[in-house]
$ cat entry_12.pdb   # PDB, C-alpha atoms, pLDDT in the B column
ATOM      1  CA  PRO A   1     -41.859   8.700 -60.396  1.00 43.00           C
ATOM      2  CA  SER A   2     -39.419   6.925 -58.104  1.00 44.00           C
ATOM      3  CA  ILE A   3     -41.581   7.807 -55.099  1.00 45.00           C
ATOM      4  CA  ARG A   4     -44.736   6.655 -56.877  1.00 46.00           C
ATOM      5  CA  SER A   5     -43.073   3.360 -57.880  1.00 44.00           C
ATOM      6  CA  LYS A   6     -42.302   2.623 -54.244  1.00 56.00           C
ATOM      7  CA  GLY A   7     -45.927   3.219 -53.280  1.00 59.00           C
ATOM      8  CA  TYR A   8     -45.083   6.043 -50.900  1.00 64.00           C
ATOM      9  CA  LEU A   9     -47.060   8.689 -52.798  1.00 70.00           C
ATOM     10  CA  ARG A  10     -50.219   6.583 -52.833  1.00 73.00           C
ATOM     11  CA  HIS A  11     -49.769   5.997 -49.109  1.00 69.00           C
ATOM     12  CA  TYR A  12     -49.489   9.739 -48.459  1.00 72.00           C
ATOM     13  CA  GLU A  13     -52.516  10.503 -50.676  1.00 75.00           C
ATOM     14  CA  LYS A  14     -54.589   8.012 -48.651  1.00 80.00           C
ATOM     15  CA  VAL A  15     -53.675   9.776 -45.394  1.00 76.00           C
ATOM     16  CA  ILE A  16     -54.712  13.134 -46.873  1.00 79.00           C
ATOM     17  CA  ALA A  17     -57.986  11.676 -48.187  1.00 81.00           C
ATOM     18  CA  THR A  18     -58.966   9.830 -45.007  1.00 83.00           C
ATOM     19  CA  ARG A  19     -57.388  12.275 -42.517  1.00 83.00           C
ATOM     20  CA  ARG A  20     -56.287   9.224 -40.567  1.00 85.00           C
ATOM     21  CA  PRO A  21     -52.676   8.886 -39.410  1.00 84.00           C
ATOM     22  CA  SER A  22     -50.729   5.879 -40.573  1.00 83.00           C
ATOM     23  CA  SER A  23     -47.484   4.245 -39.585  1.00 82.00           C
ATOM     24  CA  ALA A  24     -45.219   1.552 -40.956  1.00 79.00           C
ATOM     25  CA  GLU A  25     -41.724   0.155 -40.557  1.00 79.00           C
ATOM     26  CA  VAL A  26     -39.648  -0.091 -43.717  1.00 77.00           C
ATOM     27  CA  GLN A  27     -36.095  -1.003 -44.555  1.00 77.00           C
ATOM     28  CA  ALA A  28     -34.163   1.953 -45.929  1.00 74.00           C
ATOM     29  CA  THR A  29     -33.183   1.846 -49.601  1.00 70.00           C
ATOM     30  CA  ASP A  30     -30.823   4.802 -49.485  1.00 71.00           C
ATOM     31  CA  PRO A  31     -27.219   3.509 -49.883  1.00 72.00           C
ATOM     32  CA  HIS A  32     -26.163   5.688 -46.924  1.00 72.00           C
ATOM     33  CA  LEU A  33     -28.722   3.933 -44.705  1.00 71.00           C
ATOM     34  CA  ALA A  34     -28.201   0.410 -46.006  1.00 72.00           C
ATOM     35  CA  GLY A  35     -29.511  -2.197 -43.589  1.00 73.00           C
ATOM     36  CA  ARG A  36     -31.306   0.331 -41.381  1.00 82.00           C
ATOM     37  CA  TRP A  37     -34.968   0.100 -40.416  1.00 82.00           C
ATOM     38  CA  LEU A  38     -37.108   3.239 -40.155  1.00 81.00           C
ATOM     39  CA  HIS A  39     -40.465   3.780 -38.492  1.00 82.00           C
ATOM     40  CA  HIS A  40     -42.518   6.241 -40.558  1.00 79.00           C
ATOM     41  CA  GLN A  41     -45.572   7.965 -39.100  1.00 84.00           C
ATOM     42  CA  VAL A  42     -47.650  10.025 -41.507  1.00 85.00           C
ATOM     43  CA  VAL A  43     -50.165  12.591 -40.170  1.00 86.00           C
ATOM     44  CA  ALA A  44     -52.463  14.861 -42.162  1.00 84.00           C
ATOM     45  CA  VAL A  45     -51.726  18.538 -41.463  1.00 85.00           C
ATOM     46  CA  GLY A  46     -53.866  21.131 -43.237  1.00 80.00           C
ATOM     47  CA  ASP A  47     -53.656  20.458 -46.961  1.00 79.00           C
ATOM     48  CA  GLY A  48     -50.509  18.393 -46.606  1.00 80.00           C
ATOM     49  CA  ILE A  49     -48.863  15.822 -44.383  1.00 81.00           C
ATOM     50  CA  ALA A  50     -46.229  15.609 -41.696  1.00 84.00           C
ATOM     51  CA  LEU A  51     -43.798  12.717 -41.885  1.00 80.00           C
ATOM     52  CA  ILE A  52     -42.048  11.637 -38.677  1.00 81.00           C
ATOM     53  CA  SER A  53     -39.282   9.072 -39.029  1.00 80.00           C
ATOM     54  CA  ARG A  54     -37.122   7.396 -36.441  1.00 83.00           C
ATOM     55  CA  ASP A  55     -34.462   4.723 -36.622  1.00 84.00           C
ATOM     56  CA  VAL A  56     -35.685   1.448 -35.097  1.00 82.00           C
ATOM     57  CA  SER A  57     -32.856  -0.708 -36.397  1.00 81.00           C
ATOM     58  CA  GLU A  58     -31.615  -1.801 -32.979  1.00 81.00           C
ATOM     59  CA  ARG A  59     -35.048  -2.987 -31.911  1.00 81.00           C
ATOM     60  CA  ARG A  60     -35.639  -4.777 -35.215  1.00 78.00           C
ATOM     61  CA  LEU A  61     -32.228  -6.469 -35.103  1.00 77.00           C
ATOM     62  CA  ALA A  62     -32.746  -7.473 -31.476  1.00 76.00           C
ATOM     63  CA  ALA A  63     -36.147  -8.959 -32.361  1.00 76.00           C
ATOM     64  CA  GLN A  64     -34.596 -10.800 -35.296  1.00 76.00           C
ATOM     65  CA  ALA A  65     -31.796 -12.162 -33.090  1.00 74.00           C
ATOM     66  CA  LEU A  66     -34.350 -13.286 -30.510  1.00 73.00           C
ATOM     67  CA  ALA A  67     -36.428 -15.033 -33.181  1.00 72.00           C
ATOM     68  CA  GLU A  68     -33.331 -16.798 -34.493  1.00 72.00           C
ATOM     69  CA  GLN A  69     -32.404 -17.869 -30.968  1.00 70.00           C
ATOM     70  CA  ARG A  70     -35.897 -19.205 -30.366  1.00 72.00           C
ATOM     71  CA  ASN A  71     -35.822 -21.129 -33.648  1.00 71.00           C
ATOM     72  CA  PHE A  72     -32.450 -22.606 -32.710  1.00 69.00           C
ATOM     73  CA  LEU A  73     -33.676 -23.693 -29.273  1.00 73.00           C
ATOM     74  CA  GLN A  74     -36.896 -25.041 -30.780  1.00 72.00           C
ATOM     75  CA  SER A  75     -34.913 -27.189 -33.225  1.00 72.00           C
ATOM     76  CA  LEU A  76     -32.526 -28.333 -30.492  1.00 72.00           C
ATOM     77  CA  LEU A  77     -35.278 -29.308 -28.058  1.00 75.00           C
ATOM     78  CA  ASP A  78     -37.401 -30.915 -30.765  1.00 77.00           C
ATOM     79  CA  TYR A  79     -34.662 -33.427 -31.557  1.00 79.00           C
ATOM     80  CA  LEU A  80     -33.843 -34.353 -27.968  1.00 81.00           C
ATOM     81  CA  PRO A  81     -34.892 -37.967 -27.277  1.00 86.00           C
ATOM     82  CA  LEU A  82     -36.554 -37.041 -23.956  1.00 90.00           C
ATOM     83  CA  PRO A  83     -39.880 -35.223 -23.537  1.00 92.00           C
ATOM     84  CA  VAL A  84     -39.276 -31.551 -22.745  1.00 93.00           C
ATOM     85  CA  TYR A  85     -42.037 -29.045 -22.087  1.00 93.00           C
ATOM     86  CA  ALA A  86     -42.574 -25.758 -20.276  1.00 92.00           C
ATOM     87  CA  LYS A  87     -45.441 -24.110 -18.431  1.00 94.00           C
ATOM     88  CA  SER A  88     -46.018 -20.498 -17.508  1.00 93.00           C
ATOM     89  CA  ALA A  89     -45.580 -19.365 -13.909  1.00 93.00           C
ATOM     90  CA  ARG A  90     -46.784 -15.827 -14.627  1.00 90.00           C
ATOM     91  CA  ALA A  91     -50.048 -14.764 -12.997  1.00 87.00           C
ATOM     92  CA  GLU A  92     -51.780 -13.878 -16.279  1.00 88.00           C
ATOM     93  CA  THR A  93     -51.009 -17.230 -17.960  1.00 89.00           C
ATOM     94  CA  LEU A  94     -50.393 -19.433 -14.910  1.00 90.00           C
ATOM     95  CA  GLY A  95     -50.133 -23.133 -15.686  1.00 91.00           C
ATOM     96  CA  ARG A  96     -50.512 -22.839 -19.452  1.00 94.00           C
ATOM     97  CA  TYR A  97     -48.218 -24.915 -21.613  1.00 94.00           C
ATOM     98  CA  LEU A  98     -45.810 -22.805 -23.664  1.00 91.00           C
ATOM     99  CA  PHE A  99     -43.656 -25.476 -25.278  1.00 90.00           C
ATOM    100  CA  TRP A 100     -44.057 -29.180 -26.069  1.00 93.00           C
ATOM    101  CA  ASN A 101     -41.361 -30.999 -28.016  1.00 92.00           C
ATOM    102  CA  ARG A 102     -41.678 -33.935 -30.393  1.00 91.00           C
ATOM    103  CA  ALA A 103     -40.591 -36.507 -27.831  1.00 91.00           C
ATOM    104  CA  ALA A 104     -43.412 -35.257 -25.575  1.00 92.00           C
ATOM    105  CA  GLU A 105     -45.814 -35.700 -28.491  1.00 92.00           C
ATOM    106  CA  ARG A 106     -44.733 -39.329 -28.846  1.00 89.00           C
ATOM    107  CA  SER A 107     -44.749 -40.127 -25.126  1.00 87.00           C
ATOM    108  CA  PHE A 108     -48.096 -38.533 -24.268  1.00 88.00           C
ATOM    109  CA  HIS A 109     -49.785 -39.009 -27.668  1.00 90.00           C
ATOM    110  CA  MET A 110     -50.729 -35.338 -27.904  1.00 92.00           C
ATOM    111  CA  ARG A 111     -49.475 -32.958 -30.573  1.00 93.00           C
ATOM    112  CA  ALA A 112     -48.030 -29.554 -29.665  1.00 92.00           C
ATOM    113  CA  GLU A 113     -50.991 -27.710 -31.199  1.00 93.00           C
ATOM    114  CA  GLN A 114     -53.303 -29.689 -28.900  1.00 94.00           C
ATOM    115  CA  VAL A 115     -51.286 -28.752 -25.813  1.00 95.00           C
ATOM    116  CA  VAL A 116     -49.750 -25.279 -26.136  1.00 93.00           C
ATOM    117  CA  GLY A 117     -51.973 -22.614 -24.599  1.00 93.00           C
ATOM    118  CA  LYS A 118     -53.914 -25.068 -22.437  1.00 95.00           C
ATOM    119  CA  THR A 119     -53.646 -25.950 -18.753  1.00 94.00           C
ATOM    120  CA  VAL A 120     -52.943 -29.371 -17.292  1.00 92.00           C
ATOM    121  CA  SER A 121     -56.562 -29.688 -16.115  1.00 92.00           C
ATOM    122  CA  GLU A 122     -57.720 -29.364 -19.736  1.00 94.00           C
ATOM    123  CA  LEU A 123     -55.499 -32.242 -20.859  1.00 91.00           C
ATOM    124  CA  PHE A 124     -55.196 -34.764 -18.041  1.00 88.00           C
ATOM    125  CA  ALA A 125     -57.467 -36.502 -15.543  1.00 87.00           C
ATOM    126  CA  ALA A 126     -58.323 -34.483 -12.435  1.00 90.00           C
ATOM    127  CA  GLU A 127     -56.089 -36.542 -10.126  1.00 88.00           C
ATOM    128  CA  VAL A 128     -53.080 -36.245 -12.437  1.00 87.00           C
ATOM    129  CA  ALA A 129     -53.709 -32.534 -13.015  1.00 90.00           C
ATOM    130  CA  ALA A 130     -53.868 -31.861  -9.276  1.00 92.00           C
ATOM    131  CA  ARG A 131     -50.588 -33.714  -8.733  1.00 91.00           C
ATOM    132  CA  PHE A 132     -48.812 -31.811 -11.520  1.00 91.00           C
ATOM    133  CA  ASP A 133     -50.149 -28.455 -10.266  1.00 93.00           C
ATOM    134  CA  ALA A 134     -48.955 -29.225  -6.738  1.00 94.00           C
ATOM    135  CA  GLN A 135     -45.485 -30.074  -8.051  1.00 94.00           C
ATOM    136  CA  ASP A 136     -45.318 -26.847 -10.053  1.00 94.00           C
ATOM    137  CA  ALA A 137     -46.405 -24.858  -7.009  1.00 94.00           C
ATOM    138  CA  GLN A 138     -43.604 -26.499  -5.023  1.00 94.00           C
ATOM    139  CA  ILE A 139     -41.029 -25.489  -7.648  1.00 95.00           C
ATOM    140  CA  VAL A 140     -42.249 -21.885  -7.749  1.00 94.00           C
ATOM    141  CA  ALA A 141     -42.390 -21.620  -3.944  1.00 94.00           C
ATOM    142  CA  SER A 142     -38.942 -23.116  -3.351  1.00 94.00           C
ATOM    143  CA  GLY A 143     -37.220 -21.682  -6.406  1.00 94.00           C
ATOM    144  CA  GLU A 144     -35.250 -24.929  -6.649  1.00 95.00           C
ATOM    145  CA  PRO A 145     -35.336 -27.830  -9.135  1.00 95.00           C
ATOM    146  CA  ALA A 146     -36.813 -31.123  -7.961  1.00 96.00           C
ATOM    147  CA  ARG A 147     -37.108 -34.680  -9.241  1.00 94.00           C
ATOM    148  CA  PHE A 148     -40.404 -36.554  -9.155  1.00 94.00           C
ATOM    149  CA  ALA A 149     -39.906 -40.294  -9.579  1.00 90.00           C
ATOM    150  CA  GLU A 150     -42.146 -43.040 -10.947  1.00 85.00           C
ATOM    151  CA  GLN A 151     -45.244 -40.978 -11.585  1.00 84.00           C
ATOM    152  CA  ILE A 152     -48.104 -43.030 -12.964  1.00 83.00           C
ATOM    153  CA  TYR A 153     -49.634 -41.946 -16.262  1.00 81.00           C
ATOM    154  CA  GLU A 154     -52.559 -43.819 -17.808  1.00 81.00           C
ATOM    155  CA  GLY A 155     -52.243 -43.410 -21.566  1.00 76.00           C
ATOM    156  CA  PRO A 156     -53.385 -45.095 -24.778  1.00 78.00           C
ATOM    157  CA  GLU A 157     -50.680 -47.755 -24.301  1.00 76.00           C
ATOM    158  CA  GLY A 158     -51.785 -48.494 -20.748  1.00 82.00           C
ATOM    159  CA  ARG A 159     -50.034 -47.591 -17.520  1.00 84.00           C
ATOM    160  CA  ARG A 160     -46.700 -45.821 -17.920  1.00 86.00           C
ATOM    161  CA  TYR A 161     -44.183 -44.724 -15.304  1.00 87.00           C
ATOM    162  CA  ILE A 162     -42.581 -41.309 -15.759  1.00 88.00           C
ATOM    163  CA  ASP A 163     -39.594 -39.744 -14.020  1.00 92.00           C
ATOM    164  CA  SER A 164     -39.475 -35.965 -14.335  1.00 92.00           C
ATOM    165  CA  MET A 165     -37.122 -33.159 -13.387  1.00 94.00           C
ATOM    166  CA  LYS A 166     -38.800 -29.781 -12.918  1.00 96.00           C
ATOM    167  CA  VAL A 167     -36.690 -26.637 -13.043  1.00 94.00           C
ATOM    168  CA  PRO A 168     -37.663 -22.988 -12.339  1.00 95.00           C
ATOM    169  CA  VAL A 169     -36.740 -20.553 -15.117  1.00 92.00           C
ATOM    170  CA  ARG A 170     -36.297 -16.934 -14.045  1.00 92.00           C
ATOM    171  CA  GLY A 171     -36.983 -13.828 -16.099  1.00 86.00           C
ATOM    172  CA  ALA A 172     -34.932 -10.648 -16.403  1.00 83.00           C
ATOM    173  CA  ASP A 173     -36.390  -9.293 -13.146  1.00 87.00           C
ATOM    174  CA  GLY A 174     -35.405 -12.415 -11.201  1.00 89.00           C
ATOM    175  CA  SER A 175     -38.932 -13.730 -10.731  1.00 91.00           C
ATOM    176  CA  ILE A 176     -39.878 -17.224 -11.896  1.00 93.00           C
ATOM    177  CA  ASP A 177     -41.520 -16.997 -15.305  1.00 93.00           C
ATOM    178  CA  HIS A 178     -41.672 -20.653 -16.321  1.00 93.00           C
ATOM    179  CA  VAL A 179     -41.391 -24.193 -15.063  1.00 95.00           C
ATOM    180  CA  LEU A 180     -39.290 -26.357 -17.400  1.00 93.00           C
ATOM    181  CA  VAL A 181     -39.911 -30.105 -17.312  1.00 94.00           C
ATOM    182  CA  ILE A 182     -37.611 -32.858 -18.583  1.00 93.00           C
ATOM    183  CA  ALA A 183     -39.353 -36.225 -18.445  1.00 92.00           C
ATOM    184  CA  GLU A 184     -38.346 -39.830 -19.070  1.00 90.00           C
ATOM    185  CA  ASP A 185     -40.559 -42.849 -19.608  1.00 88.00           C
ATOM    186  CA  ILE A 186     -39.003 -45.522 -17.375  1.00 86.00           C
ATOM    187  CA  THR A 187     -41.694 -48.177 -17.863  1.00 82.00           C
ATOM    188  CA  GLU A 188     -39.492 -50.631 -19.791  1.00 79.00           C
ATOM    189  CA  ARG A 189     -36.500 -50.051 -17.518  1.00 76.00           C
ATOM    190  CA  ARG A 190     -38.699 -50.558 -14.475  1.00 74.00           C
ATOM    191  CA  GLU A 191     -40.084 -53.831 -15.874  1.00 75.00           C
ATOM    192  CA  GLN A 192     -36.581 -55.035 -16.716  1.00 75.00           C
ATOM    193  CA  ALA A 193     -35.410 -54.325 -13.162  1.00 67.00           C
ATOM    194  CA  LYS A 194     -38.450 -56.183 -11.850  1.00 73.00           C
ATOM    195  CA  ARG A 195     -37.599 -59.226 -14.000  1.00 70.00           C
ATOM    196  CA  LEU A 196     -34.003 -59.120 -12.795  1.00 69.00           C
ATOM    197  CA  ARG A 197     -35.114 -59.041  -9.162  1.00 66.00           C
ATOM    198  CA  LEU A 198     -37.462 -61.958  -9.798  1.00 66.00           C
ATOM    199  CA  GLY A 199     -34.683 -63.904 -11.496  1.00 61.00           C
ATOM    200  CA  ALA A 200     -32.335 -63.226  -8.604  1.00 66.00           C
ATOM    201  CA  ARG A 201     -34.960 -64.427  -6.144  1.00 69.00           C
ATOM    202  CA  VAL A 202     -35.588 -67.628  -8.119  1.00 62.00           C
ATOM    203  CA  LEU A 203     -31.844 -68.227  -8.334  1.00 61.00           C
ATOM    204  CA  ALA A 204     -31.408 -67.737  -4.592  1.00 65.00           C
ATOM    205  CA  GLU A 205     -34.229 -70.151  -3.731  1.00 67.00           C
ATOM    206  CA  MET A 206     -33.248 -72.957  -6.117  1.00 66.00           C
ATOM    207  CA  ALA A 207     -32.141 -76.209  -4.461  1.00 65.00           C
ATOM    208  CA  GLU A 208     -29.755 -76.952  -7.328  1.00 73.00           C
ATOM    209  CA  ALA A 209     -26.277 -75.426  -7.225  1.00 70.00           C
ATOM    210  CA  VAL A 210     -25.975 -72.716  -9.888  1.00 67.00           C
ATOM    211  CA  LEU A 211     -22.896 -70.789 -10.994  1.00 68.00           C
ATOM    212  CA  ILE A 212     -23.139 -68.209 -13.789  1.00 68.00           C
ATOM    213  CA  SER A 213     -20.050 -67.037 -15.695  1.00 69.00           C
ATOM    214  CA  ASP A 214     -19.389 -65.043 -18.837  1.00 72.00           C
ATOM    215  CA  ALA A 215     -17.559 -66.075 -22.031  1.00 73.00           C
ATOM    216  CA  GLN A 216     -14.209 -65.369 -20.361  1.00 78.00           C
ATOM    217  CA  ASP A 217     -15.102 -67.614 -17.403  1.00 74.00           C
ATOM    218  CA  HIS A 218     -15.521 -64.660 -15.055  1.00 77.00           C
ATOM    219  CA  VAL A 219     -18.025 -65.467 -12.326  1.00 72.00           C
ATOM    220  CA  ILE A 220     -21.106 -63.275 -12.578  1.00 68.00           C
ATOM    221  CA  ASP A 221     -23.409 -64.815  -9.994  1.00 70.00           C
ATOM    222  CA  PHE A 222     -24.081 -67.921  -7.909  1.00 72.00           C
ATOM    223  CA  ASN A 223     -26.682 -69.108  -5.465  1.00 66.00           C
ATOM    224  CA  PRO A 224     -26.470 -70.281  -1.836  1.00 75.00           C
ATOM    225  CA  SER A 225     -26.785 -73.928  -2.931  1.00 73.00           C
ATOM    226  CA  PHE A 226     -23.557 -73.595  -4.931  1.00 67.00           C
ATOM    227  CA  LEU A 227     -21.757 -72.162  -1.907  1.00 72.00           C
ATOM    228  CA  ALA A 228     -23.008 -75.028   0.265  1.00 73.00           C
ATOM    229  CA  LEU A 229     -21.909 -77.614  -2.304  1.00 69.00           C
ATOM    230  CA  SER A 230     -18.511 -76.083  -3.006  1.00 74.00           C
ATOM    231  CA  GLY A 231     -17.710 -75.069   0.529  1.00 68.00           C
ATOM    232  CA  GLN A 232     -16.931 -71.532  -0.651  1.00 70.00           C
ATOM    233  CA  THR A 233     -17.817 -68.437   1.352  1.00 66.00           C
ATOM    234  CA  GLY A 234     -18.678 -66.203  -1.630  1.00 59.00           C
ATOM    235  CA  GLU A 235     -16.022 -63.662  -0.647  1.00 61.00           C
ATOM    236  CA  ALA A 236     -13.396 -62.537  -3.131  1.00 51.00           C
TER     237      ALA A 236
END

$ encode --input "entry_12.pdb" --output "C-alpha cells"
Amino acid sequence: PSIRSKGYLRHYEKVIATRRPSSAEVQATDPHLAGRWLHHQVVAVGDGIALISRDVSERRLAAQALAEQRNFLQSLLDYLPLPVYAKSARAETLGRYLFWNRAAERSFHMRAEQVVGKTVSELFAAEVAARFDAQDAQIVASGEPARFAEQIYEGPEGRRYIDSMKVPVRGADGSIDHVLVIAEDITERREQAKRLRLGARVLAEMAEAVLISDAQDHVIDFNPSFLALSGQTGEA
C-alpha cells in the first residue's frame, strides 16, 4: 500500500504494459537517505522489471546552486542604474543577446523578451548593427576590454549618445564565451558640457568686466575684460 500510495507501483505496471523503459529523478523519502536525489531507470525484463538507481545528489545540488547564483546575479544586474547586457561569442549562438537588464529596457525602449535570443541586426538599423558587430569582433580578437565613446543611437526620444565598456567573459576552457556590455547614456551630460563651453566662450568675449564668485566670496571665474580693468594677471 505504501508503494501504491507513492505512485511507484502504477509507474512499474505501465513499464510492464508498454514494454518501454522509463526514468525519473526523485528525492529520497527514506530517513537514511534524507536530502538525497536518486535517478531511477525502470526497464521491462521478461514478466517483471529491472530497477537501476544511482545517486545524483551532487549534480542536483550543483544545478540548484548554479540556479540560485544566476537568480542572485539577475537581481543584482536588474537593479543597477546603468544598462548591462551580454551577447554570445560562441560559434553556435554568435552575436545573440543572452541578458538584458531593466536599465537597458528603459534606455533602448525594448523589453528583455524582445531582445534575448536575437542578434543586433534583428534589432537595430544596419549601420548601427555593423558597428556593434565590429566592436564585438575586436573584443573577441584582442581578448581585452575596450571603451567606445559617444556612440550615436537614434531612438524614440531622438538622438542619444552612448558610452559603452565591452568586456570579454571567458568560459571554463579559457575561450571567450560572451561579450559583456556596460553602457551609459551621456546625452544630458554632453549637452550640459556643451552649454558650459558656450557660456565660457560668451564670458570670454564680453566687453564688460565680469567676475564670478561663490557665496563665500571665493573667485570662480573671470573674463579678460576684468583682468584688463583691474590690472590683474589672473595668476594665483

$ residues_around --input "entry_12.pdb" --residues "Thr187 of chain A" --least-positions-apart "3" --cutoff "12 Å" --atoms "only C-alpha atoms" --output "PDB file with C-alpha atoms, in the frame of the given file"
ATOM      1  CA  SER A 107     -44.749 -40.127 -25.126  1.00 87.00           C
ATOM      2  CA  ALA A 149     -39.906 -40.294  -9.579  1.00 90.00           C
ATOM      3  CA  GLU A 150     -42.146 -43.040 -10.947  1.00 85.00           C
ATOM      4  CA  GLN A 151     -45.244 -40.978 -11.585  1.00 84.00           C
ATOM      5  CA  ILE A 152     -48.104 -43.030 -12.964  1.00 83.00           C
ATOM      6  CA  TYR A 153     -49.634 -41.946 -16.262  1.00 81.00           C
ATOM      7  CA  GLU A 154     -52.559 -43.819 -17.808  1.00 81.00           C
ATOM      8  CA  GLU A 157     -50.680 -47.755 -24.301  1.00 76.00           C
ATOM      9  CA  GLY A 158     -51.785 -48.494 -20.748  1.00 82.00           C
ATOM     10  CA  ARG A 159     -50.034 -47.591 -17.520  1.00 84.00           C
ATOM     11  CA  ARG A 160     -46.700 -45.821 -17.920  1.00 86.00           C
ATOM     12  CA  TYR A 161     -44.183 -44.724 -15.304  1.00 87.00           C
ATOM     13  CA  ILE A 162     -42.581 -41.309 -15.759  1.00 88.00           C
ATOM     14  CA  ASP A 163     -39.594 -39.744 -14.020  1.00 92.00           C
ATOM     15  CA  GLU A 184     -38.346 -39.830 -19.070  1.00 90.00           C
ATOM     16  CA  ARG A 190     -38.699 -50.558 -14.475  1.00 74.00           C
ATOM     17  CA  GLU A 191     -40.084 -53.831 -15.874  1.00 75.00           C
ATOM     18  CA  GLN A 192     -36.581 -55.035 -16.716  1.00 75.00           C
ATOM     19  CA  ALA A 193     -35.410 -54.325 -13.162  1.00 67.00           C
ATOM     20  CA  LYS A 194     -38.450 -56.183 -11.850  1.00 73.00           C
TER      21      LYS A 194
END

$ resolve_selection --input "entry_12.pdb" --expression "the PyMOL selection byres ((chain A and resi 78-95) around 7)" --output "mmCIF file with C-alpha atoms, in the coordinates of the input"
data_model
loop_
_atom_site.group_PDB
_atom_site.id
_atom_site.type_symbol
_atom_site.label_atom_id
_atom_site.label_comp_id
_atom_site.auth_asym_id
_atom_site.auth_seq_id
_atom_site.Cartn_x
_atom_site.Cartn_y
_atom_site.Cartn_z
ATOM 1 C CA GLN A 74 -36.896 -25.041 -30.780
ATOM 2 C CA SER A 75 -34.913 -27.189 -33.225
ATOM 3 C CA LEU A 76 -32.526 -28.333 -30.492
ATOM 4 C CA LEU A 77 -35.278 -29.308 -28.058
ATOM 5 C CA ARG A 96 -50.512 -22.839 -19.452
ATOM 6 C CA TYR A 97 -48.218 -24.915 -21.613
ATOM 7 C CA LEU A 98 -45.810 -22.805 -23.664
ATOM 8 C CA PHE A 99 -43.656 -25.476 -25.278
ATOM 9 C CA TRP A 100 -44.057 -29.180 -26.069
ATOM 10 C CA ASN A 101 -41.361 -30.999 -28.016
ATOM 11 C CA ARG A 102 -41.678 -33.935 -30.393
ATOM 12 C CA ALA A 103 -40.591 -36.507 -27.831
ATOM 13 C CA ALA A 104 -43.412 -35.257 -25.575
ATOM 14 C CA THR A 119 -53.646 -25.950 -18.753
ATOM 15 C CA ILE A 176 -39.878 -17.224 -11.896
ATOM 16 C CA ASP A 177 -41.520 -16.997 -15.305
ATOM 17 C CA HIS A 178 -41.672 -20.653 -16.321
ATOM 18 C CA VAL A 179 -41.391 -24.193 -15.063
ATOM 19 C CA LEU A 180 -39.290 -26.357 -17.400
ATOM 20 C CA VAL A 181 -39.911 -30.105 -17.312
ATOM 21 C CA ILE A 182 -37.611 -32.858 -18.583
ATOM 22 C CA ALA A 183 -39.353 -36.225 -18.445
ATOM 23 C CA GLU A 184 -38.346 -39.830 -19.070
#

$ residues_around --input "entry_12.pdb" --residues "Gly48 of chain A" --least-positions-apart "5" --cutoff "10 Å" --atoms "all atoms listed in the file" --output "PyMOL selection string"
chain A and resi 12-13+15-16+43

$ resolve_selection --input "entry_12.pdb" --expression "the PyMOL selection byres ((chain A and resi 53-61) around 7)" --output "PyMOL selection string"
chain A and resi 36-41+51-52+62-65

$ closest_residue --input "entry_12.pdb" --among "A:Leu33, A:Ala129, A:Ile186, A:Val140" --to "Lys166 of chain A" --atoms "all atoms listed in the file"
A:Val140

$ residues_near_point --input "entry_12.pdb" --point "(-36.9, -25.8, -6.7)" --cutoff "12 Å" --atoms "all atoms listed in the file" --output "PDB file with C-alpha atoms, keeping the file's coordinate frame"
ATOM      1  CA  GLN A 135     -45.485 -30.074  -8.051  1.00 94.00           C
ATOM      2  CA  ASP A 136     -45.318 -26.847 -10.053  1.00 94.00           C
ATOM      3  CA  ALA A 137     -46.405 -24.858  -7.009  1.00 94.00           C
ATOM      4  CA  GLN A 138     -43.604 -26.499  -5.023  1.00 94.00           C
ATOM      5  CA  ILE A 139     -41.029 -25.489  -7.648  1.00 95.00           C
ATOM      6  CA  VAL A 140     -42.249 -21.885  -7.749  1.00 94.00           C
ATOM      7  CA  ALA A 141     -42.390 -21.620  -3.944  1.00 94.00           C
ATOM      8  CA  SER A 142     -38.942 -23.116  -3.351  1.00 94.00           C
ATOM      9  CA  GLY A 143     -37.220 -21.682  -6.406  1.00 94.00           C
ATOM     10  CA  GLU A 144     -35.250 -24.929  -6.649  1.00 95.00           C
ATOM     11  CA  PRO A 145     -35.336 -27.830  -9.135  1.00 95.00           C
ATOM     12  CA  ALA A 146     -36.813 -31.123  -7.961  1.00 96.00           C
ATOM     13  CA  ARG A 147     -37.108 -34.680  -9.241  1.00 94.00           C
ATOM     14  CA  PHE A 148     -40.404 -36.554  -9.155  1.00 94.00           C
ATOM     15  CA  MET A 165     -37.122 -33.159 -13.387  1.00 94.00           C
ATOM     16  CA  LYS A 166     -38.800 -29.781 -12.918  1.00 96.00           C
ATOM     17  CA  VAL A 167     -36.690 -26.637 -13.043  1.00 94.00           C
ATOM     18  CA  PRO A 168     -37.663 -22.988 -12.339  1.00 95.00           C
ATOM     19  CA  VAL A 169     -36.740 -20.553 -15.117  1.00 92.00           C
ATOM     20  CA  ARG A 170     -36.297 -16.934 -14.045  1.00 92.00           C
ATOM     21  CA  ILE A 176     -39.878 -17.224 -11.896  1.00 93.00           C
ATOM     22  CA  HIS A 178     -41.672 -20.653 -16.321  1.00 93.00           C
ATOM     23  CA  VAL A 179     -41.391 -24.193 -15.063  1.00 95.00           C
ATOM     24  CA  LEU A 180     -39.290 -26.357 -17.400  1.00 93.00           C
ATOM     25  CA  VAL A 181     -39.911 -30.105 -17.312  1.00 94.00           C
TER      26      VAL A 181
END

$ atom_distance --input "entry_12.pdb" --atom1 "atom CA of Val45 of chain A" --atom2 "atom CA of Val26 of chain A"
22.3 Å

$ axis_aligned_box --input "entry_12.pdb" --around "segment 36-43 of chain A" --padding-each-side "6 Å" --output "AutoDock Vina command-line options"
--center_x -40.7 --center_y 6.3 --center_z -40.0 --size_x 30.9 --size_y 24.5 --size_z 15.0

$ atom_distance --input "entry_12.pdb" --atom1 "atom CA of His32 of chain A" --atom2 "atom CA of Arg10 of chain A"
24.8 Å

$ residues_around --input "entry_12.pdb" --residues "Lys14 of chain A" --least-positions-apart "5" --cutoff "12 Å" --atoms "all atoms listed in the file" --output "PyMOL selection string"
chain A and resi 7-9+19-22+42-44+48-49

$ atom_distance --input "entry_12.pdb" --atom1 "atom CA of His109 of chain A" --atom2 "atom CA of Leu123 of chain A"
11.2 Å
